[in-house]
Amino acid sequence: YTPYHLPHSTAVYGVSNILGGDDRFYNNLFVGDGDNAGGRAEPETGSEPVLASFWSGAIDIDGVPGQAAFVPTPVGTSQYDAYPTPGEYPNERGSALAGPRLPVRIEGNLYADGAEPFRAEPSPLVVKTAPVRVEVHDAAAGTVRVEVTDPAALAAVAAVTTERLGISYQAEMGYTDPDGSDLDLSEDFTGRPRDEAVPGPFAASAPGTLFLTAPGPDRRS
């Protein structure tokens, strides 16, 4: 069993068998590596798992190994294809031990450069080339360059609100700001006002370039 917490707190609210699902992916921008820009990727027969390192090279932390094997998966939300939608959930049988997988809610996302949408996403926005590019500008200073090249590709989508996100399954609570008020996403990642909601964290009505500073260990307050 896994503990879950009160909103915006480390206080444990209860424990549960986490079934998977109950995820929400609204208005994101997924950018692949360009290898599958023409359609969904077919699984590679006999593909070898990738060995990934964790914990900055430490061998073991709290009993978790410093290396683990993972099978590469496509960028996007197609990894959730085995999960039900809210409409399909009543017919999800699951197993006697774990129960049914919980539904996922996926809508309003944009997929570029081969990123793949969830099988049942309503009208996913799939484009060949990403309308937003992010690259490291100065690694030492922790700055990245964000270039919006094609704002027209960022079609308007329904805004994310506390009401739309609904209630979480385990904690049976809503998604709110830390003070308990409804989410306010009227500004983008940089603090600019959003005239309308579009996929991704940036309000983009015209081409432009931004330089952002990422918080590093010596820059965090």
# chains A, B, ... in the order shown; residues from 1 in each chain; ligands from 1
>>> residues_around(residues="region 152-168 of chain A", least_positions_apart="6", cutoff="6 Å", atoms="only C-alpha atoms", output="list in words")
Gly108, Gly174, Tyr175, Asp182, Leu183, Ala197 and Val198 of chain A
>>> atom_distance(atom1="CA of Ala214 (chain A)", atom2="CA of Ala141 (chain A)")
8.5 Å
>>> closest_residue(among="A:Gly76, A:Tyr13, A:Gly200, A:Tyr26", to="Pro117 (chain A)", atoms="only C-alpha atoms")
A:Gly76
>>> residues_around(residues="Tyr111 (chain A)", least_positions_apart="4", cutoff="7 Å", atoms="only C-alpha atoms", output="MDAnalysis selection string")
chainID A and resid 29:31 76 115:117 125:127
>>> write_last_selection(atoms="N, CA and C atoms", output="compact mmCIF listing (two decimals), in the first residue's frame")
# COMPACT_ATOMS: atom_id res chain seq x y z
N LEU A 29 2.13 20.39 -24.42
CA LEU A 29 2.83 20.37 -25.70
C LEU A 29 3.91 19.29 -25.61
N PHE A 30 3.74 18.22 -26.38
CA PHE A 30 4.69 17.10 -26.37
C PHE A 30 5.53 17.16 -27.65
N VAL A 31 6.85 17.13 -27.48
CA VAL A 31 7.77 17.20 -28.62
C VAL A 31 8.62 15.94 -28.63
N GLY A 76 4.77 11.40 -25.54
CA GLY A 76 3.35 11.69 -25.69
C GLY A 76 2.51 10.93 -24.68
N ALA A 115 5.73 12.80 -31.55
CA ALA A 115 5.04 12.49 -30.30
C ALA A 115 3.66 11.91 -30.61
N GLU A 116 3.20 10.98 -29.79
CA GLU A 116 1.99 10.22 -30.10
C GLU A 116 0.87 10.48 -29.10
N PRO A 117 -0.36 10.69 -29.57
CA PRO A 117 -1.49 10.92 -28.67
C PRO A 117 -2.10 9.63 -28.14
N LEU A 125 -4.14 17.60 -31.43
CA LEU A 125 -3.46 18.45 -32.40
C LEU A 125 -2.11 17.80 -32.71
N VAL A 126 -1.97 17.25 -33.90
CA VAL A 126 -0.73 16.57 -34.31
C VAL A 126 -0.11 17.34 -35.46
N VAL A 127 1.12 17.81 -35.26
CA VAL A 127 1.82 18.58 -36.29
C VAL A 127 3.20 17.97 -36.51
>>> residues_around(residues="Pro178 (chain A)", least_positions_apart="5", cutoff="10 Å", atoms="only C-alpha atoms", output="PDB file with C-alpha atoms, in the first residue's frame")
ATOM      1  CA  PRO A   7      -3.570  18.789  -0.326  1.00  0.00           C
ATOM      2  CA  HIS A   8      -0.332  20.823  -0.373  1.00  0.00           C
ATOM      3  CA  SER A   9       0.948  18.941   2.667  1.00  0.00           C
ATOM      4  CA  LEU A 183      -6.863  27.344  -9.580  1.00  0.00           C
TER       5      LEU A 183
END
>>> closest_residue(among="A:Pro90, A:Arg24, A:Ala171, A:Ala120", to="Val12 (chain A)", atoms="only C-alpha atoms")
A:Ala171
>>> residues_around(residues="Val146 (chain A)", least_positions_apart="6", cutoff="10 Å", atoms="only C-alpha atoms", output="ChimeraX atom specification")
/A:132-137,202,208-212
>>> atom_distance(atom1="CA of Glu88 (chain A)", atom2="CA of Arg119 (chain A)")
12.7 Å
>>> residues_around(residues="Pro100 (chain A)", least_positions_apart="5", cutoff="10 Å", atoms="only C-alpha atoms", output="PyMOL selection string")
chain A and resi 19-21+83-84+89-95
>>> select_by_dssp(residues="region 57-208 of chain A", states="alpha helix (DSSP H)", output="number ranges by chain")
A: 162-165
